[in-house]
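Undergrad: CSV, C-alpha atoms, file data-v7.csv:
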```csv
chain,number,residue,atom,x,y,z
B,1,MET,CA,73.7,88.8,75.0
B,2,GLN,CA,76.0,91.3,76.7
B,3,VAL,CA,76.8,90.6,80.4
B,4,VAL,CA,78.9,93.1,82.3
B,5,ILE,CA,80.6,92.5,85.6
B,6,PRO,CA,81.7,95.8,87.2
B,7,LEU,CA,85.1,95.8,89.0
B,8,PHE,CA,86.2,98.3,91.7
B,9,PRO,CA,89.0,98.5,94.2
B,10,ARG,CA,88.6,95.9,97.0
B,11,PHE,CA,86.0,93.7,95.2
B,12,THR,CA,85.6,90.1,96.4
B,13,ALA,CA,87.1,87.8,93.7
B,14,LEU,CA,84.6,84.9,93.7
B,15,ASP,CA,81.7,87.3,93.6
B,16,GLY,CA,82.6,88.1,90.0
B,17,ILE,CA,84.6,85.0,89.0
B,18,GLY,CA,81.9,82.5,90.1
B,19,PRO,CA,79.2,84.0,87.8
B,20,TYR,CA,81.8,84.5,85.1
B,21,GLU,CA,82.6,80.8,85.1
B,22,VAL,CA,79.0,79.9,84.7
B,23,LEU,CA,78.0,82.5,82.1
B,24,GLN,CA,81.0,82.4,79.8
B,25,ARG,CA,80.3,78.7,79.1
B,26,ILE,CA,77.3,79.7,77.0
B,27,PRO,CA,78.2,80.7,73.4
B,28,SER,CA,75.4,83.2,73.1
B,29,ILE,CA,76.6,85.1,76.2
B,30,ASP,CA,79.4,87.6,76.0
B,31,VAL,CA,80.9,88.5,79.4
B,32,THR,CA,83.0,91.7,79.9
B,33,PHE,CA,84.6,93.0,83.1
B,34,ILE,CA,84.2,96.8,83.2
B,35,ALA,CA,85.3,99.5,85.6
B,36,ALA,CA,85.7,103.3,85.9
B,37,ARG,CA,88.8,102.9,83.7
B,38,ARG,CA,90.4,100.1,81.7
B,39,GLY,CA,93.2,98.2,83.3
B,40,GLU,CA,93.9,96.1,86.3
B,41,VAL,CA,91.7,96.3,89.4
B,42,ARG,CA,92.9,94.6,92.6
B,43,SER,CA,90.7,92.5,94.9
B,44,GLU,CA,89.9,93.3,98.6
B,45,ASN,CA,93.1,91.8,99.9
B,46,GLY,CA,95.2,93.1,97.1
B,47,LEU,CA,96.5,89.7,96.1
B,48,LEU,CA,94.6,89.3,92.9
B,49,GLY,CA,94.2,91.7,90.0
B,50,ILE,CA,91.6,91.3,87.1
B,51,THR,CA,91.8,93.4,84.0
B,52,ALA,CA,88.8,95.6,83.1
B,53,ASP,CA,88.4,95.5,79.3
B,54,GLY,CA,85.8,98.3,79.2
B,55,THR,CA,84.5,101.3,81.1
B,56,PHE,CA,81.0,102.2,82.4
B,57,GLU,CA,80.7,104.8,79.6
B,58,GLU,CA,81.5,102.2,77.0
B,59,PHE,CA,78.7,99.9,78.2
B,60,PRO,CA,75.7,102.2,78.9
B,61,ARG,CA,73.1,99.6,77.9
B,62,PRO,CA,74.2,96.0,78.8
B,63,ASP,CA,71.7,93.2,78.7
B,64,VAL,CA,72.7,92.0,82.1
B,65,ILE,CA,74.5,93.5,85.0
B,66,VAL,CA,76.2,91.2,87.6
B,67,PHE,CA,77.4,93.5,90.3
B,68,PRO,CA,79.8,91.8,92.7
B,69,GLY,CA,80.4,92.7,96.3
B,70,GLY,CA,83.4,93.3,98.6
B,71,VAL,CA,84.6,95.9,101.1
B,72,GLY,CA,84.9,98.4,98.2
B,73,THR,CA,81.1,98.6,97.8
B,74,ARG,CA,80.9,100.8,100.9
B,75,ALA,CA,82.6,103.6,99.0
B,76,LEU,CA,80.6,102.9,95.8
B,77,GLN,CA,77.3,103.6,97.6
B,78,ASN,CA,78.4,107.3,97.5
B,79,ASP,CA,80.1,107.1,94.1
B,80,ARG,CA,77.8,109.2,91.8
B,81,GLN,CA,79.3,107.9,88.6
B,82,VAL,CA,78.7,104.2,89.5
B,83,VAL,CA,75.3,104.8,91.1
B,84,GLU,CA,74.0,106.8,88.2
B,85,TRP,CA,75.3,104.3,85.7
B,86,VAL,CA,73.5,101.5,87.5
B,87,LYS,CA,70.3,103.5,87.6
B,88,ALA,CA,70.5,104.4,83.9
B,89,ALA,CA,71.6,101.0,82.7
B,90,HIS,CA,68.9,99.2,84.6
B,91,ALA,CA,66.2,101.0,82.6
B,92,THR,CA,67.1,98.8,79.6
B,93,THR,CA,68.6,95.6,81.1
B,94,THR,CA,67.0,92.3,80.8
B,95,TYR,CA,68.2,91.6,84.3
B,96,THR,CA,70.1,93.6,86.9
B,97,THR,CA,71.7,91.3,89.5
B,98,SER,CA,74.1,91.4,92.4
B,99,VAL,CA,76.2,89.1,94.5
B,100,CYS,CA,76.9,89.6,98.2
B,101,THR,CA,77.2,93.4,99.0
B,102,GLY,CA,76.8,94.3,95.4
B,103,SER,CA,73.2,94.6,96.5
B,104,LEU,CA,74.2,97.7,98.5
B,105,VAL,CA,75.0,99.4,95.2
B,106,LEU,CA,71.7,98.4,93.7
B,107,GLY,CA,70.1,99.7,96.8
B,108,ALA,CA,72.0,103.0,96.6
B,109,ALA,CA,70.6,103.4,93.0
B,110,GLY,CA,67.1,103.0,94.4
B,111,LEU,CA,66.4,99.7,92.8
B,112,LEU,CA,65.6,97.7,96.0
B,113,ASP,CA,63.3,100.1,97.8
B,114,GLY,CA,60.3,98.1,99.2
B,115,LEU,CA,61.7,94.8,97.9
B,116,THR,CA,63.0,91.7,99.7
B,117,ALA,CA,66.7,91.2,98.8
B,118,THR,CA,69.7,89.4,100.1
B,119,THR,CA,73.4,90.0,100.7
B,120,HIS,CA,76.2,88.6,102.9
B,121,TRP,CA,74.7,87.7,106.3
B,122,ALA,CA,76.9,90.3,108.1
B,123,CYS,CA,75.4,93.2,106.1
B,124,TYR,CA,71.7,92.9,106.4
B,125,ALA,CA,71.4,96.2,108.3
B,126,GLU,CA,73.4,98.0,105.6
B,127,LEU,CA,71.0,96.6,103.0
B,128,GLU,CA,67.9,97.6,104.9
B,129,ALA,CA,69.2,101.2,105.2
B,130,HIS,CA,68.4,101.4,101.4
B,131,GLY,CA,64.7,100.5,102.0
B,132,ALA,CA,65.0,96.8,101.3
B,133,THR,CA,63.9,93.9,103.5
B,134,ALA,CA,66.9,91.6,104.0
B,135,VAL,CA,66.1,87.9,103.9
B,136,PRO,CA,68.5,84.9,104.4
B,137,ASP,CA,67.6,83.2,101.1
B,138,ARG,CA,70.5,82.2,98.8
B,139,VAL,CA,68.9,83.9,95.8
B,140,VAL,CA,66.0,86.3,95.8
B,141,GLU,CA,64.1,87.1,92.5
B,142,HIS,CA,61.8,89.9,91.5
B,143,LEU,CA,61.4,89.0,87.9
B,144,ASP,CA,58.7,91.6,87.3
B,145,ARG,CA,61.3,94.2,88.3
B,146,ARG,CA,64.1,92.4,86.4
B,147,ILE,CA,66.1,92.2,89.7
B,148,ILE,CA,67.9,89.2,91.2
B,149,THR,CA,70.1,89.4,94.3
B,150,ALA,CA,72.4,86.6,95.7
B,151,ALA,CA,73.7,86.2,99.2
B,152,GLY,CA,77.4,85.9,100.1
B,153,VAL,CA,80.2,85.1,97.7
B,154,SER,CA,79.6,81.5,96.6
B,155,SER,CA,75.9,82.1,96.1
B,156,GLY,CA,76.7,84.0,92.9
B,157,ILE,CA,77.3,80.6,91.2
B,158,ASP,CA,73.7,79.6,92.1
B,159,MET,CA,72.4,82.9,90.9
B,160,ALA,CA,74.3,82.7,87.6
B,161,LEU,CA,72.9,79.2,86.9
B,162,ARG,CA,69.4,80.5,87.4
B,163,LEU,CA,70.3,83.4,85.1
B,164,VAL,CA,71.3,81.0,82.4
B,165,GLU,CA,68.0,79.2,82.7
B,166,LEU,CA,66.1,82.5,82.4
B,167,LEU,CA,68.2,83.8,79.5
B,168,VAL,CA,68.5,80.5,77.5
B,169,ASP,CA,66.8,77.4,79.0
B,170,THR,CA,67.0,74.8,81.7
B,171,THR,CA,69.2,72.5,79.6
B,172,ALA,CA,71.7,75.3,79.1
B,173,ALA,CA,71.9,75.9,82.8
B,174,GLU,CA,72.4,72.2,83.5
B,175,ALA,CA,75.1,72.0,80.8
B,176,SER,CA,76.9,74.9,82.4
B,177,GLN,CA,76.6,73.3,85.8
B,178,LEU,CA,78.0,70.0,84.5
B,179,MET,CA,80.9,71.8,82.7
B,180,ILE,CA,82.1,73.4,85.9
B,181,GLU,CA,81.3,70.2,87.8
B,182,TYR,CA,79.3,72.2,90.4
B,183,ASP,CA,78.1,69.5,92.7
B,184,PRO,CA,79.0,70.9,96.2
B,185,LYS,CA,79.3,68.5,99.1
B,186,PRO,CA,81.1,70.6,101.7
B,187,PRO,CA,83.0,68.8,104.4
B,188,PHE,CA,81.6,71.1,107.1
B,189,ALA,CA,78.1,72.3,108.1
B,190,CYS,CA,79.0,76.0,108.5
B,191,GLY,CA,78.0,77.4,105.2
B,192,SER,CA,75.3,79.7,106.7
B,193,VAL,CA,74.5,81.2,110.1
B,194,ALA,CA,71.6,78.7,110.4
B,195,SER,CA,73.7,75.7,109.7
B,196,ALA,CA,76.6,76.8,111.9
B,197,THR,CA,74.2,77.4,114.7
B,198,ALA,CA,72.6,74.0,114.2
B,199,SER,CA,76.0,72.3,114.2
B,200,GLY,CA,76.8,73.9,117.6
B,201,ARG,CA,79.9,75.5,116.1
B,202,ALA,CA,78.6,79.1,115.6
B,203,ASP,CA,80.4,80.6,118.6
B,204,ALA,CA,83.8,79.2,117.8
B,205,VAL,CA,83.5,80.0,114.1
B,206,MET,CA,82.3,83.5,114.7
B,207,ALA,CA,85.2,84.1,117.1
B,208,ARG,CA,87.7,82.9,114.5
B,209,ILE,CA,86.1,85.2,111.9
B,210,LEU,CA,86.5,88.2,114.2
B,211,GLU,CA,90.1,87.2,114.9
B,212,TYR,CA,90.9,87.1,111.2
B,213,ALA,CA,89.2,90.4,110.6
B,214,ARG,CA,91.3,92.0,113.3
B,215,GLN,CA,94.5,90.6,111.8
B,216,ARG,CA,93.6,92.0,108.4
B,217,GLN,CA,93.2,95.5,109.7
```
Take the structure in this file and express it as C-alpha cells.
TA:
Amino acid sequence: MQVVIPLFPRFTALDGIGPYEVLQRIPSIDVTFIAARRGEVRSENGLLGITADGTFEEFPRPDVIVFPGGVGTRALQNDRQVVEWVKAAHATTTYTTSVCTGSLVLGAAGLLDGLTATTHWACYAELEAHGATAVPDRVVEHLDRRIITAAGVSSGIDMALRLVELLVDTTAAEASQLMIEYDPKPPFACGSVASATASGRADAVMARILEYARQRQ
C-alpha cells in the first residue's frame, strides 16, 4: 500500500509527521514524502527540513494521498502542477485525504465541491471559497467519494488512525495507537474554539495568537 505525503515550502510539520508516525508502523504500508523535486523542503518557520524522496511525476498513482497544510498551501491553490497532480491521482486512489489547510488544495482540485469538509478553524472561509461546507468536526469522511479531511494540525493523527482501520482493520489501528502511546490528556481546555470559549479563556488566548502572528511577520 503506497501512501504519499506531499511536501512544499512552508508546510506545517506535524500535519505530515503526525500521520507518518501512525501509518509507518504498519508493515503493509509504505510511506514516501514527495515534492515538486527531490531534496530538502523547509517547514513554515524555516526551522525544520524534511527530505522528499520522490517527485509528483514519480508517483502518479499512489494508493493514498495525505496532503498536509501550512501557510504554503495558499500558493499551491494556484500551482497548476500540484492541482493537476491531485486531480489525476485522485482518480485511482483508495483514499485522498488532507490535514489542516491541505483541504484547500483538494478544494482547488475540485474534489470538495458540494461536500462537507474541515480544516483549521481560522480557514473556514477559504475552504468554502472552493464550494465546500466547512464544519468544525475533527475528521470528516466521504467514503463514497474516497475523501477524508482532518481539522487543524494534531487532528491528522486521528485521521491516520481511522485510515489504518479502513486500510487494514481495527486491531491494526489500535496497535498503531498503542505503539505511539497516543492517549491525549491535555493540561488545558483550549484545543478547539468551542472548548476555549467554554473555559472562558478564548479572548485572552486569541489575543496571544494574534500577538505571536504579528511577531512572526
Undergrad: Need the shell around B:Thr171: protein/DNA/RNA residues with any atom at most 12 Å away, counting all atoms listed in the file. Skip same-chain ones fewer than 5 positions apart. Format as a PyMOL selection string?
TA: chain B and resi 26+161-162+164-166+176-178
Undergrad: How close does each residue of stretch 24-124 of chain B get to stretch 202-213 of chain B, giving the shortest atom pair and distance in Å to one decimal for every residue with an atom at most 12 Å away, counting only C-alpha atoms, sorted by chain and residue number, as CSV?
TA:
```
residue,atom,partner,partner_atom,distance
B:Asn45,CA,B:Ala213,CA,11.5
B:Val71,CA,B:Ala213,CA,11.9
B:Ala122,CA,B:Met206,CA,10.9
```
Undergrad: Select, from B:Ile180, B:Ala198, B:Leu104, B:Val86, the residue with the minimum atom-to-atom distance to B:Gln24, counting only C-alpha atoms.
TA: B:Ile180
Undergrad: Find the residues around B:Arg74 up to 10 Å (all atoms listed in the file counted), leave out those fewer than 3 positions away in its own chain, and share them as a PDB file with C-alpha atoms, keeping the file's coordinate frame.
TA:
```pdb
ATOM      1  CA  ARG B  10      88.600  95.900  97.000  1.00  0.00           C
ATOM      2  CA  GLY B  69      80.400  92.700  96.300  1.00  0.00           C
ATOM      3  CA  GLY B  70      83.400  93.300  98.600  1.00  0.00           C
ATOM      4  CA  VAL B  71      84.600  95.900 101.100  1.00  0.00           C
ATOM      5  CA  GLN B  77      77.300 103.600  97.600  1.00  0.00           C
ATOM      6  CA  ASN B  78      78.400 107.300  97.500  1.00  0.00           C
ATOM      7  CA  ASP B  79      80.100 107.100  94.100  1.00  0.00           C
ATOM      8  CA  THR B 101      77.200  93.400  99.000  1.00  0.00           C
ATOM      9  CA  GLY B 102      76.800  94.300  95.400  1.00  0.00           C
ATOM     10  CA  LEU B 104      74.200  97.700  98.500  1.00  0.00           C
ATOM     11  CA  VAL B 105      75.000  99.400  95.200  1.00  0.00           C
ATOM     12  CA  GLU B 126      73.400  98.000 105.600  1.00  0.00           C
TER      13      GLU B 126
END
```
Undergrad: Point out the residue among B:Val82, B:Ala91, B:Val3, B:Val153 with the least atom-to-atom distance to B:Thr118, counting only C-alpha atoms.
TA: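 Nearest to B:Thr118: B:Val153.
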Undergrad: Between B:Val193, B:Ala172, B:Ala88, B:Ile148, which residue has the minimum interatomic distance to B:Ala109, considering all atoms listed in the file?
TA: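 That would be B:Ala88, the residue with the smallest distance to B:Ala109.
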Undergrad: Report as a CSV table (one decimal) with C-alpha atoms, in the coordinates of the input all protein, DNA and RNA residues lying within 12 Å of B:Val99, evaluated on all atoms listed in the file, omitting residues in the same chain fewer than 3 positions from it.
TA:
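Output below, filename result.csv:
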```csv
chain,number,residue,atom,x,y,z
B,5,ILE,CA,80.6,92.5,85.6
B,6,PRO,CA,81.7,95.8,87.2
B,11,PHE,CA,86.0,93.7,95.2
B,12,THR,CA,85.6,90.1,96.4
B,13,ALA,CA,87.1,87.8,93.7
B,14,LEU,CA,84.6,84.9,93.7
B,15,ASP,CA,81.7,87.3,93.6
B,16,GLY,CA,82.6,88.1,90.0
B,17,ILE,CA,84.6,85.0,89.0
B,18,GLY,CA,81.9,82.5,90.1
B,19,PRO,CA,79.2,84.0,87.8
B,20,TYR,CA,81.8,84.5,85.1
B,65,ILE,CA,74.5,93.5,85.0
B,66,VAL,CA,76.2,91.2,87.6
B,67,PHE,CA,77.4,93.5,90.3
B,68,PRO,CA,79.8,91.8,92.7
B,69,GLY,CA,80.4,92.7,96.3
B,70,GLY,CA,83.4,93.3,98.6
B,73,THR,CA,81.1,98.6,97.8
B,96,THR,CA,70.1,93.6,86.9
B,102,GLY,CA,76.8,94.3,95.4
B,103,SER,CA,73.2,94.6,96.5
B,104,LEU,CA,74.2,97.7,98.5
B,105,VAL,CA,75.0,99.4,95.2
B,106,LEU,CA,71.7,98.4,93.7
B,117,ALA,CA,66.7,91.2,98.8
B,118,THR,CA,69.7,89.4,100.1
B,119,THR,CA,73.4,90.0,100.7
B,120,HIS,CA,76.2,88.6,102.9
B,121,TRP,CA,74.7,87.7,106.3
B,138,ARG,CA,70.5,82.2,98.8
B,139,VAL,CA,68.9,83.9,95.8
B,140,VAL,CA,66.0,86.3,95.8
B,147,ILE,CA,66.1,92.2,89.7
B,148,ILE,CA,67.9,89.2,91.2
B,149,THR,CA,70.1,89.4,94.3
B,150,ALA,CA,72.4,86.6,95.7
B,151,ALA,CA,73.7,86.2,99.2
B,152,GLY,CA,77.4,85.9,100.1
B,153,VAL,CA,80.2,85.1,97.7
B,154,SER,CA,79.6,81.5,96.6
B,155,SER,CA,75.9,82.1,96.1
B,156,GLY,CA,76.7,84.0,92.9
B,157,ILE,CA,77.3,80.6,91.2
B,158,ASP,CA,73.7,79.6,92.1
B,159,MET,CA,72.4,82.9,90.9
B,160,ALA,CA,74.3,82.7,87.6
```
Undergrad: Write out as a short mmCIF file (atom, residue, chain, number, x, y, z; two decimals) with C-alpha atoms, keeping the file's coordinate frame which residues come within 9 Å of stretch 48-59 of chain B when counting only C-alpha atoms, dropping same-chain ones fewer than 4 positions away.
TA:
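Output contents, as saved in part-v6.cif:
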```
data_model
loop_
_atom_site.label_atom_id
_atom_site.label_comp_id
_atom_site.auth_asym_id
_atom_site.auth_seq_id
_atom_site.Cartn_x
_atom_site.Cartn_y
_atom_site.Cartn_z
CA VAL B 4 78.90 93.10 82.30
CA PRO B 6 81.70 95.80 87.20
CA LEU B 7 85.10 95.80 89.00
CA ALA B 13 87.10 87.80 93.70
CA THR B 32 83.00 91.70 79.90
CA PHE B 33 84.60 93.00 83.10
CA ILE B 34 84.20 96.80 83.20
CA ALA B 35 85.30 99.50 85.60
CA ALA B 36 85.70 103.30 85.90
CA ARG B 37 88.80 102.90 83.70
CA ARG B 38 90.40 100.10 81.70
CA GLY B 39 93.20 98.20 83.30
CA GLU B 40 93.90 96.10 86.30
CA VAL B 41 91.70 96.30 89.40
CA ARG B 42 92.90 94.60 92.60
CA SER B 43 90.70 92.50 94.90
CA GLU B 44 89.90 93.30 98.60
CA GLN B 81 79.30 107.90 88.60
CA VAL B 82 78.70 104.20 89.50
CA TRP B 85 75.30 104.30 85.70
CA ALA B 89 71.60 101.00 82.70
#
```
Undergrad: Quick one: of B:Leu111, B:Phe8, B:Ala194, B:Ala125, who's nearest to B:Leu76, counting all atoms listed in the file?
TA: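 Comparing B:Leu111, B:Phe8, B:Ala194, B:Ala125 against B:Leu76, the winner is B:Phe8.
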Undergrad: Find the distance between atom CA of B:Thr97 and atom CA of B:Arg146 and write it in Å to one decimal.
TA: 8.3 Å
Undergrad: Quick one: distance from atom CA of B:Arg25 to atom CA of B:His142 in Å, one decimal?
TA: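 Separation of atom CA of B:Arg25 and atom CA of B:His142: 24.9 Å.
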Undergrad: For atom CA of B:Gly110 and atom CA of B:His130, quote the distance in Å rounded to one decimal.
TA: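 Computed distance, atom CA of B:Gly110 to atom CA of B:His130, equals 7.3 Å.
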Undergrad: Of the candidates B:Asp144, B:Pro60, B:Pro27, B:Asp113, which one gets nearest to B:Ala132 if we count all atoms listed in the file?
TA: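 So, comparing all the options, the nearest one is B:Asp113.
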Undergrad: May I ask which of the residues B:Leu47, B:Ile29, B:Asp183, B:Ala173 is the closest one to B:Pro62, counting all atoms listed in the file?
TA: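 Of B:Leu47, B:Ile29, B:Asp183, B:Ala173, the one nearest B:Pro62 is B:Ile29, counting all atoms listed in the file.
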Undergrad: Mind checking which residues fall within 8 Å of B:Thr133, counting only C-alpha atoms, ignoring those fewer than 3 positions away in the same chain, and posting them as a PyMOL selection string?
TA: chain B and resi 114-117+127-128
